[in-house]
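Engineer: Next comes my_file.txt, compact mmCIF, N, CA and C atoms:
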# COMPACT_ATOMS: atom_id res chain seq x y z
N MET O 15 -14.95 16.51 20.36
CA MET O 15 -15.73 16.03 21.50
C MET O 15 -17.18 15.87 21.06
N THR O 16 -17.76 14.73 21.34
CA THR O 16 -19.16 14.48 20.97
C THR O 16 -20.09 15.22 21.93
N GLU O 17 -21.36 15.33 21.56
CA GLU O 17 -22.35 15.97 22.42
C GLU O 17 -22.49 15.21 23.74
N THR O 18 -22.46 13.88 23.66
CA THR O 18 -22.54 13.06 24.89
C THR O 18 -21.36 13.35 25.80
N ASP O 19 -20.14 13.39 25.24
CA ASP O 19 -18.95 13.67 26.04
C ASP O 19 -19.01 15.07 26.65
N ARG O 20 -19.52 16.04 25.89
CA ARG O 20 -19.64 17.40 26.39
C ARG O 20 -20.60 17.45 27.57
N ARG O 21 -21.73 16.75 27.44
CA ARG O 21 -22.70 16.73 28.54
C ARG O 21 -22.12 16.05 29.77
N ILE O 22 -21.41 14.95 29.57
CA ILE O 22 -20.80 14.26 30.70
C ILE O 22 -19.83 15.19 31.42
N ALA O 23 -19.03 15.94 30.65
CA ALA O 23 -18.07 16.87 31.26
C ALA O 23 -18.80 17.94 32.08
N VAL O 24 -19.91 18.45 31.56
CA VAL O 24 -20.70 19.45 32.29
C VAL O 24 -21.26 18.83 33.57
N PHE O 25 -21.83 17.62 33.45
CA PHE O 25 -22.38 16.94 34.62
C PHE O 25 -21.31 16.70 35.68
N GLU O 26 -20.13 16.23 35.25
CA GLU O 26 -19.03 15.98 36.19
C GLU O 26 -18.63 17.26 36.91
N SER O 27 -18.53 18.33 36.16
CA SER O 27 -18.17 19.62 36.75
C SER O 27 -19.20 20.05 37.79
N GLN O 28 -20.47 19.83 37.49
CA GLN O 28 -21.54 20.19 38.44
C GLN O 28 -21.43 19.36 39.72
N LEU O 29 -21.19 18.07 39.58
CA LEU O 29 -21.09 17.21 40.77
C LEU O 29 -19.86 17.56 41.60
N LYS O 30 -18.73 17.79 40.93
CA LYS O 30 -17.52 18.17 41.67
C LYS O 30 -17.71 19.50 42.37
N GLY O 31 -18.41 20.44 41.69
CA GLY O 31 -18.70 21.74 42.30
C GLY O 31 -19.57 21.63 43.53
N ALA O 32 -20.37 20.57 43.59
CA ALA O 32 -21.23 20.33 44.76
C ALA O 32 -20.51 19.51 45.82
N GLY O 33 -19.23 19.19 45.57
CA GLY O 33 -18.43 18.48 46.57
C GLY O 33 -18.55 16.96 46.52
N LEU O 34 -19.13 16.42 45.46
CA LEU O 34 -19.26 14.96 45.36
C LEU O 34 -18.04 14.36 44.65
N ARG O 35 -17.62 13.21 45.13
CA ARG O 35 -16.54 12.48 44.45
C ARG O 35 -17.08 11.86 43.18
N MET O 36 -16.23 11.77 42.17
CA MET O 36 -16.63 11.14 40.91
C MET O 36 -16.28 9.66 40.96
N THR O 37 -17.25 8.86 41.36
CA THR O 37 -17.06 7.42 41.41
C THR O 37 -17.41 6.81 40.05
N GLN O 38 -17.04 5.57 39.85
CA GLN O 38 -17.38 4.87 38.60
C GLN O 38 -18.90 4.79 38.44
N GLN O 39 -19.60 4.57 39.55
CA GLN O 39 -21.06 4.48 39.47
C GLN O 39 -21.66 5.81 39.05
N ARG O 40 -21.17 6.91 39.59
CA ARG O 40 -21.69 8.22 39.19
C ARG O 40 -21.36 8.49 37.72
N ARG O 41 -20.17 8.12 37.29
CA ARG O 41 -19.82 8.30 35.87
C ARG O 41 -20.77 7.52 34.97
N LEU O 42 -21.13 6.31 35.40
CA LEU O 42 -22.06 5.50 34.63
C LEU O 42 -23.44 6.17 34.58
N ILE O 43 -23.91 6.69 35.68
CA ILE O 43 -25.19 7.40 35.72
C ILE O 43 -25.14 8.60 34.77
N LEU O 44 -24.05 9.34 34.81
CA LEU O 44 -23.90 10.51 33.94
C LEU O 44 -23.92 10.11 32.47
N ARG O 45 -23.26 9.01 32.14
CA ARG O 45 -23.25 8.54 30.75
C ARG O 45 -24.67 8.16 30.31
N VAL O 46 -25.37 7.41 31.15
CA VAL O 46 -26.75 7.00 30.81
C VAL O 46 -27.61 8.24 30.60
N LEU O 47 -27.50 9.21 31.49
CA LEU O 47 -28.29 10.43 31.37
C LEU O 47 -27.90 11.23 30.13
N ALA O 48 -26.61 11.35 29.86
CA ALA O 48 -26.14 12.11 28.70
C ALA O 48 -26.57 11.47 27.39
N GLU O 49 -26.68 10.15 27.36
CA GLU O 49 -27.07 9.45 26.14
C GLU O 49 -28.59 9.38 25.95
N ALA O 50 -29.34 9.71 26.98
CA ALA O 50 -30.80 9.60 26.92
C ALA O 50 -31.38 10.58 25.91
N ASP O 51 -32.21 10.07 25.02
CA ASP O 51 -32.91 10.95 24.08
C ASP O 51 -34.40 10.98 24.39
N ASP O 52 -34.74 10.50 25.57
CA ASP O 52 -36.13 10.51 26.03
C ASP O 52 -36.18 11.27 27.35
N HIS O 53 -37.19 11.06 28.13
CA HIS O 53 -37.35 11.72 29.43
C HIS O 53 -37.40 10.64 30.51
N PRO O 54 -36.25 10.05 30.84
CA PRO O 54 -36.27 8.93 31.79
C PRO O 54 -36.55 9.39 33.21
N ASP O 55 -37.16 8.50 33.98
CA ASP O 55 -37.30 8.74 35.41
C ASP O 55 -36.10 8.08 36.10
N ALA O 56 -35.99 8.26 37.41
CA ALA O 56 -34.84 7.72 38.13
C ALA O 56 -34.76 6.20 38.01
N LYS O 57 -35.90 5.53 38.05
CA LYS O 57 -35.89 4.06 37.93
C LYS O 57 -35.43 3.64 36.54
N GLY O 58 -35.81 4.39 35.51
CA GLY O 58 -35.35 4.09 34.16
C GLY O 58 -33.85 4.26 34.02
N ILE O 59 -33.32 5.33 34.62
CA ILE O 59 -31.88 5.56 34.61
C ILE O 59 -31.19 4.43 35.36
N PHE O 60 -31.75 4.07 36.51
CA PHE O 60 -31.20 2.97 37.30
C PHE O 60 -31.17 1.67 36.50
N THR O 61 -32.26 1.35 35.84
CA THR O 61 -32.34 0.10 35.06
C THR O 61 -31.29 0.07 33.96
N ARG O 62 -31.13 1.18 33.26
CA ARG O 62 -30.13 1.24 32.18
C ARG O 62 -28.72 1.10 32.73
N ALA O 63 -28.44 1.77 33.85
CA ALA O 63 -27.10 1.72 34.43
C ALA O 63 -26.83 0.38 35.11
N PHE O 64 -27.85 -0.17 35.75
CA PHE O 64 -27.72 -1.44 36.46
C PHE O 64 -27.30 -2.57 35.51
N ALA O 65 -27.70 -2.47 34.25
CA ALA O 65 -27.31 -3.48 33.25
C ALA O 65 -25.79 -3.52 33.07
N HIS O 66 -25.11 -2.42 33.39
CA HIS O 66 -23.65 -2.35 33.26
C HIS O 66 -22.94 -2.51 34.59
N ASP O 67 -23.64 -2.26 35.69
CA ASP O 67 -23.04 -2.38 37.02
C ASP O 67 -24.11 -2.80 38.02
N PRO O 68 -24.22 -4.12 38.26
CA PRO O 68 -25.26 -4.61 39.17
C PRO O 68 -25.03 -4.27 40.64
N THR O 69 -23.94 -3.57 40.97
CA THR O 69 -23.75 -3.15 42.36
C THR O 69 -24.33 -1.75 42.61
N LEU O 70 -24.83 -1.13 41.57
CA LEU O 70 -25.41 0.21 41.68
C LEU O 70 -26.69 0.17 42.51
N SER O 71 -26.91 1.21 43.31
CA SER O 71 -28.15 1.28 44.09
C SER O 71 -29.03 2.41 43.56
N LEU O 72 -30.32 2.24 43.73
CA LEU O 72 -31.28 3.26 43.30
C LEU O 72 -31.07 4.55 44.07
N SER O 73 -30.67 4.46 45.33
CA SER O 73 -30.46 5.68 46.12
C SER O 73 -29.30 6.51 45.56
N THR O 74 -28.29 5.87 44.98
CA THR O 74 -27.19 6.60 44.34
C THR O 74 -27.72 7.39 43.15
N VAL O 75 -28.62 6.78 42.39
CA VAL O 75 -29.22 7.48 41.24
C VAL O 75 -30.01 8.68 41.74
N TYR O 76 -30.86 8.50 42.75
CA TYR O 76 -31.67 9.60 43.27
C TYR O 76 -30.79 10.74 43.79
N ARG O 77 -29.73 10.42 44.54
CA ARG O 77 -28.85 11.46 45.07
C ARG O 77 -28.16 12.22 43.93
N THR O 78 -27.70 11.48 42.94
CA THR O 78 -27.01 12.11 41.82
C THR O 78 -27.95 13.02 41.04
N MET O 79 -29.17 12.57 40.80
CA MET O 79 -30.14 13.37 40.06
C MET O 79 -30.50 14.64 40.85
N LYS O 80 -30.64 14.50 42.16
CA LYS O 80 -30.99 15.66 42.99
C LYS O 80 -29.90 16.73 42.92
N VAL O 81 -28.64 16.31 42.97
CA VAL O 81 -27.54 17.28 42.89
C VAL O 81 -27.50 17.92 41.51
N LEU O 82 -27.63 17.12 40.45
CA LEU O 82 -27.61 17.68 39.09
C LEU O 82 -28.75 18.69 38.90
N GLU O 83 -29.91 18.38 39.46
CA GLU O 83 -31.03 19.31 39.35
C GLU O 83 -30.74 20.60 40.12
N SER O 84 -30.23 20.48 41.34
CA SER O 84 -29.95 21.67 42.15
C SER O 84 -28.86 22.53 41.53
N GLN O 85 -27.98 21.93 40.74
CA GLN O 85 -26.91 22.66 40.07
C GLN O 85 -27.36 23.23 38.72
N GLY O 86 -28.57 22.88 38.28
CA GLY O 86 -29.09 23.42 37.03
C GLY O 86 -28.65 22.66 35.78
N ALA O 87 -28.06 21.48 35.96
CA ALA O 87 -27.58 20.71 34.80
C ALA O 87 -28.70 19.92 34.13
N ILE O 88 -29.73 19.56 34.91
CA ILE O 88 -30.88 18.85 34.37
C ILE O 88 -32.15 19.52 34.86
N GLU O 89 -33.23 19.27 34.16
CA GLU O 89 -34.54 19.75 34.59
C GLU O 89 -35.41 18.56 34.94
N ARG O 90 -36.16 18.72 36.02
CA ARG O 90 -37.09 17.68 36.45
C ARG O 90 -38.49 18.11 36.05
N HIS O 91 -39.20 17.19 35.45
CA HIS O 91 -40.60 17.43 35.09
C HIS O 91 -41.46 16.45 35.86
N ALA O 92 -42.43 16.98 36.57
CA ALA O 92 -43.37 16.12 37.29
C ALA O 92 -44.68 16.18 36.50
N PHE O 93 -44.79 15.32 35.51
CA PHE O 93 -45.98 15.29 34.69
C PHE O 93 -47.15 14.74 35.49
N GLU O 94 -48.31 14.74 34.90
CA GLU O 94 -49.55 14.39 35.57
C GLU O 94 -49.53 12.99 36.21
N ASP O 95 -48.69 12.09 35.69
CA ASP O 95 -48.65 10.74 36.25
C ASP O 95 -47.93 10.69 37.59
N GLY O 96 -47.36 11.82 38.03
CA GLY O 96 -46.70 11.89 39.33
C GLY O 96 -45.27 11.41 39.33
N ILE O 97 -44.78 10.91 38.22
CA ILE O 97 -43.41 10.41 38.14
C ILE O 97 -42.50 11.53 37.67
N SER O 98 -41.42 11.79 38.40
CA SER O 98 -40.47 12.81 37.99
C SER O 98 -39.61 12.27 36.86
N ARG O 99 -39.57 13.02 35.77
CA ARG O 99 -38.76 12.66 34.61
C ARG O 99 -37.74 13.76 34.39
N TYR O 100 -36.62 13.38 33.78
CA TYR O 100 -35.51 14.31 33.66
C TYR O 100 -35.10 14.51 32.20
N GLU O 101 -34.55 15.71 31.95
CA GLU O 101 -33.96 15.99 30.65
C GLU O 101 -32.82 16.97 30.83
N HIS O 102 -31.96 17.06 29.84
CA HIS O 102 -30.81 17.95 29.89
C HIS O 102 -31.29 19.40 29.90
N ALA O 103 -30.66 20.23 30.69
CA ALA O 103 -31.06 21.63 30.79
C ALA O 103 -30.49 22.47 29.66
N ASP O 104 -29.58 21.91 28.87
CA ASP O 104 -28.91 22.70 27.83
C ASP O 104 -29.64 22.67 26.48
N GLN O 105 -30.86 22.23 26.46
CA GLN O 105 -31.61 22.15 25.21
C GLN O 105 -32.29 23.47 24.90
N GLU O 106 -32.60 23.66 23.62
CA GLU O 106 -33.40 24.82 23.22
C GLU O 106 -34.77 24.70 23.90
N HIS O 107 -35.41 25.85 24.12
CA HIS O 107 -36.72 25.83 24.74
C HIS O 107 -37.70 25.01 23.90
N HIS O 108 -38.50 24.22 24.58
CA HIS O 108 -39.53 23.43 23.91
C HIS O 108 -40.64 23.14 24.91
N ASP O 109 -41.75 22.70 24.39
CA ASP O 109 -42.88 22.32 25.23
C ASP O 109 -43.10 20.82 25.10
N HIS O 110 -44.06 20.30 25.86
CA HIS O 110 -44.27 18.86 25.90
C HIS O 110 -45.73 18.49 25.64
N LEU O 111 -45.91 17.44 24.88
CA LEU O 111 -47.22 16.81 24.69
C LEU O 111 -47.08 15.40 25.27
N ILE O 112 -47.92 15.07 26.23
CA ILE O 112 -47.84 13.77 26.89
C ILE O 112 -49.03 12.93 26.46
N ASP O 113 -48.74 11.74 25.93
CA ASP O 113 -49.78 10.79 25.53
C ASP O 113 -50.32 10.16 26.81
N VAL O 114 -51.60 10.38 27.10
CA VAL O 114 -52.19 9.90 28.36
C VAL O 114 -52.33 8.39 28.41
N ASP O 115 -52.29 7.73 27.25
CA ASP O 115 -52.42 6.28 27.24
C ASP O 115 -51.07 5.58 27.38
N SER O 116 -50.07 6.07 26.68
CA SER O 116 -48.78 5.39 26.67
C SER O 116 -47.75 6.04 27.60
N GLY O 117 -47.98 7.30 27.98
CA GLY O 117 -47.01 8.01 28.79
C GLY O 117 -45.88 8.62 27.97
N GLU O 118 -45.91 8.42 26.66
CA GLU O 118 -44.86 8.97 25.79
C GLU O 118 -44.85 10.50 25.91
N VAL O 119 -43.64 11.06 25.98
CA VAL O 119 -43.46 12.50 26.07
C VAL O 119 -42.90 12.98 24.73
N ILE O 120 -43.63 13.87 24.08
CA ILE O 120 -43.25 14.37 22.76
C ILE O 120 -42.87 15.84 22.91
N GLU O 121 -41.67 16.19 22.47
CA GLU O 121 -41.22 17.58 22.51
C GLU O 121 -41.66 18.29 21.24
N PHE O 122 -42.06 19.55 21.39
CA PHE O 122 -42.41 20.34 20.21
C PHE O 122 -42.14 21.81 20.49
N SER O 123 -42.03 22.57 19.41
CA SER O 123 -41.87 24.02 19.50
C SER O 123 -42.87 24.66 18.56
N SER O 124 -43.38 25.81 18.96
CA SER O 124 -44.34 26.53 18.13
C SER O 124 -44.14 28.03 18.34
N ASP O 125 -43.71 28.71 17.27
CA ASP O 125 -43.54 30.16 17.35
C ASP O 125 -44.88 30.84 17.66
N ALA O 126 -45.97 30.31 17.12
CA ALA O 126 -47.29 30.90 17.35
C ALA O 126 -47.67 30.83 18.83
N ILE O 127 -47.40 29.71 19.48
CA ILE O 127 -47.71 29.57 20.91
C ILE O 127 -46.82 30.50 21.73
N GLU O 128 -45.55 30.58 21.38
CA GLU O 128 -44.64 31.46 22.11
C GLU O 128 -45.10 32.92 22.03
N GLU O 129 -45.48 33.35 20.83
CA GLU O 129 -45.95 34.72 20.64
C GLU O 129 -47.25 34.96 21.39
N LEU O 130 -48.17 34.02 21.37
CA LEU O 130 -49.43 34.16 22.09
C LEU O 130 -49.18 34.32 23.59
N GLN O 131 -48.28 33.54 24.14
CA GLN O 131 -47.98 33.63 25.58
C GLN O 131 -47.38 34.99 25.93
N ARG O 132 -46.47 35.48 25.09
CA ARG O 132 -45.89 36.82 25.33
C ARG O 132 -46.97 37.90 25.25
N ARG O 133 -47.87 37.78 24.27
CA ARG O 133 -48.93 38.76 24.09
C ARG O 133 -49.90 38.76 25.29
N ILE O 134 -50.28 37.58 25.75
CA ILE O 134 -51.17 37.49 26.91
C ILE O 134 -50.53 38.12 28.13
N ALA O 135 -49.25 37.79 28.38
CA ALA O 135 -48.55 38.38 29.53
C ALA O 135 -48.52 39.90 29.41
N ALA O 136 -48.21 40.42 28.22
CA ALA O 136 -48.15 41.87 28.01
C ALA O 136 -49.51 42.51 28.22
N GLU O 137 -50.57 41.88 27.73
CA GLU O 137 -51.92 42.43 27.90
C GLU O 137 -52.32 42.50 29.38
N LEU O 138 -51.75 41.61 30.17
CA LEU O 138 -52.04 41.61 31.60
C LEU O 138 -51.04 42.45 32.40
N GLY O 139 -50.12 43.12 31.66
CA GLY O 139 -49.17 44.00 32.32
C GLY O 139 -47.91 43.32 32.80
N TYR O 140 -47.57 42.18 32.21
CA TYR O 140 -46.39 41.44 32.62
C TYR O 140 -45.42 41.24 31.48
N GLU O 141 -44.16 41.09 31.85
CA GLU O 141 -43.14 40.65 30.91
C GLU O 141 -42.88 39.19 31.24
N LEU O 142 -43.02 38.33 30.26
CA LEU O 142 -42.85 36.89 30.48
C LEU O 142 -41.38 36.59 30.76
N VAL O 143 -41.12 35.94 31.89
CA VAL O 143 -39.76 35.59 32.28
C VAL O 143 -39.43 34.16 31.87
N ARG O 144 -40.36 33.26 32.11
CA ARG O 144 -40.21 31.85 31.71
C ARG O 144 -41.59 31.21 31.76
N HIS O 145 -41.68 30.06 31.16
CA HIS O 145 -42.93 29.32 31.22
C HIS O 145 -42.66 27.85 30.92
N ARG O 146 -43.65 27.06 31.24
CA ARG O 146 -43.59 25.63 30.96
C ARG O 146 -44.98 25.23 30.50
N LEU O 147 -45.04 24.62 29.31
CA LEU O 147 -46.33 24.21 28.76
C LEU O 147 -46.35 22.69 28.60
N GLU O 148 -47.37 22.08 29.17
CA GLU O 148 -47.57 20.64 29.04
C GLU O 148 -48.97 20.42 28.51
N LEU O 149 -49.06 19.72 27.41
CA LEU O 149 -50.35 19.35 26.84
C LEU O 149 -50.54 17.86 27.06
N TYR O 150 -51.73 17.43 27.38
CA TYR O 150 -52.03 16.02 27.57
C TYR O 150 -53.05 15.62 26.52
N GLY O 151 -52.78 14.53 25.81
CA GLY O 151 -53.69 14.14 24.75
C GLY O 151 -53.69 12.65 24.50
N ARG O 152 -54.58 12.28 23.61
CA ARG O 152 -54.74 10.88 23.21
C ARG O 152 -54.73 10.88 21.69
N LYS O 153 -54.01 9.92 21.10
CA LYS O 153 -53.98 9.82 19.65
C LYS O 153 -55.38 9.59 19.12
N LYS O 154 -55.69 10.31 18.05
CA LYS O 154 -56.99 10.12 17.41
C LYS O 154 -57.01 8.78 16.70
N GLN O 155 -58.13 8.10 16.80
CA GLN O 155 -58.31 6.85 16.09
C GLN O 155 -58.80 7.17 14.68
N PRO O 156 -58.29 6.48 13.67
CA PRO O 156 -58.78 6.74 12.32
C PRO O 156 -60.27 6.42 12.23
N ALA O 157 -60.98 7.21 11.44
CA ALA O 157 -62.41 6.99 11.27
C ALA O 157 -62.66 5.64 10.59
N ARG O 158 -63.67 4.93 11.07
CA ARG O 158 -64.02 3.64 10.44
C ARG O 158 -64.79 3.89 9.18
N ARG O 159 -64.54 3.06 8.21
CA ARG O 159 -65.26 3.17 6.93
C ARG O 159 -66.49 2.29 6.93
N GLY O 160 -67.49 2.71 6.20
CA GLY O 160 -68.63 1.84 5.96
C GLY O 160 -69.74 1.95 6.98
N GLY O 161 -69.49 2.59 8.12
CA GLY O 161 -70.57 2.73 9.11
C GLY O 161 -70.95 1.41 9.75
N ARG O 162 -72.17 1.39 10.32
CA ARG O 162 -72.66 0.21 11.04
C ARG O 162 -73.24 -0.81 10.07
N LYS O 163 -73.18 -2.05 10.50
CA LYS O 163 -73.83 -3.12 9.73
C LYS O 163 -75.34 -3.04 9.93
N ALA O 164 -76.08 -3.27 8.88
CA ALA O 164 -77.54 -3.32 8.99
C ALA O 164 -77.95 -4.64 9.62
N SER O 165 -79.01 -4.62 10.44
CA SER O 165 -79.45 -5.87 11.05
C SER O 165 -80.68 -6.41 10.42
What's the structure tokens form of this structure?
Structural biologist:
Amino acid sequence: MTETDRRIAVFESQLKGAGLRMTQQRRLILRVLAEADDHPDAKGIFTRAFAHDPTLSLSTVYRTMKVLESQGAIERHAFEDGISRYEHADQEHHDHLIDVDSGEVIEFSSDAIEELQRRIAAELGYELVRHRLELYGRKKQPARRGGRKAS
């Protein structure tokens, strides 16, 4: 069984557990979501699925995503741009760097950051239960050579 098939099976189980029927449209949404290697929003999922089934409605995507989120199968991220983006909940812990110009979401992990967060919580008398770190940045432009032209 491929990773995509495994995720689809988990998603289907979550939807059935919530009492939803498994329609062809929902299966298509699940496949699009399981194959996503980015952080799509509901409209992005809709656009990808709509290419295969033009009878699909955006409200079906929203309802499906809401149930998957409530069941813990996906995580919703509301980054600074206000758009809710989704990712699989079964991934290893990671943090996000968001490019403020392009909106690209970059996943990263850092043992040093994880240790610092645990240490800060402990110094304040807490045991860290969970956290979410989002960094917002802009790609650095390479330095220009030669300086200014003389006039």
Engineer: So, counting only C-alpha atoms, which residue among O:His102, O:Arg35, O:Arg77, O:Lys30 is closest to Asp51 in chain O?
Structural biologist: O:His102
Engineer: So which residues touch Gly86 in chain O within 12 Å, counting only C-alpha atoms, skipping near sequence neighbours fewer than 5 positions away, as a ChimeraX atom specification?
Structural biologist: /O:24-25,27-29,31-32,79-81,100-104
Engineer: Which one of O:Arg45, O:His110, O:Arg99, O:His66 sits closest to Glu148 in chain O if you count only C-alpha atoms?
Structural biologist: O:His110
Engineer: Pick out each residue of range 19-117 of chain O that DSSP on the backbone tags as helix (DSSP H, G or I); I need them as a PyMOL selection string.
Structural biologist: chain O and resi 19-31+38-49+56-64+72-84
Engineer: Could you tell me which of O:Leu70, O:Ala135, O:Leu111, O:Ala87 comes closest to Leu147 in chain O if we count all atoms listed in the file?
Structural biologist: O:Leu111
Engineer: Applying 10 Å and only C-alpha atoms, which residues near range 125-129 of chain O remain after dropping the ones on its own chain fewer than 4 positions away? List them as a PyMOL selection string.
Structural biologist: chain O and resi 108-109+133-135+145+147
Engineer: Find the residues around Gly151 in chain O up to 9 Å (only C-alpha atoms counted), leave out those fewer than 5 positions away in its own chain, and share them as a list in words.
Structural biologist: Leu111, Ile112, Asp113, Val114 and Asp115 of chain O
Engineer: Taking the chain letters and numbering used in this document, name the residues of range 17-115 of chain O that DSSP puts in strand (DSSP E or B), as a ChimeraX atom specification.
Structural biologist: /O:55,88-92,98-102,109-113
Engineer: So the first atom is CA of Glu26 in chain O and the second is CA of Ala92 in chain O; what is the distance between them in Å, to one decimal place?
Structural biologist: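 Interatomic distance here is 24.4 Å.
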Engineer: Could you work out how far atom N of Thr18 in chain O lies from atom N of Glu118 in chain O, giving the answer in Å with one decimal?
Structural biologist: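 Computing the Euclidean distance for atom N of Glu118 in chain O and atom N of Thr18 in chain O yields 24.3 Å.
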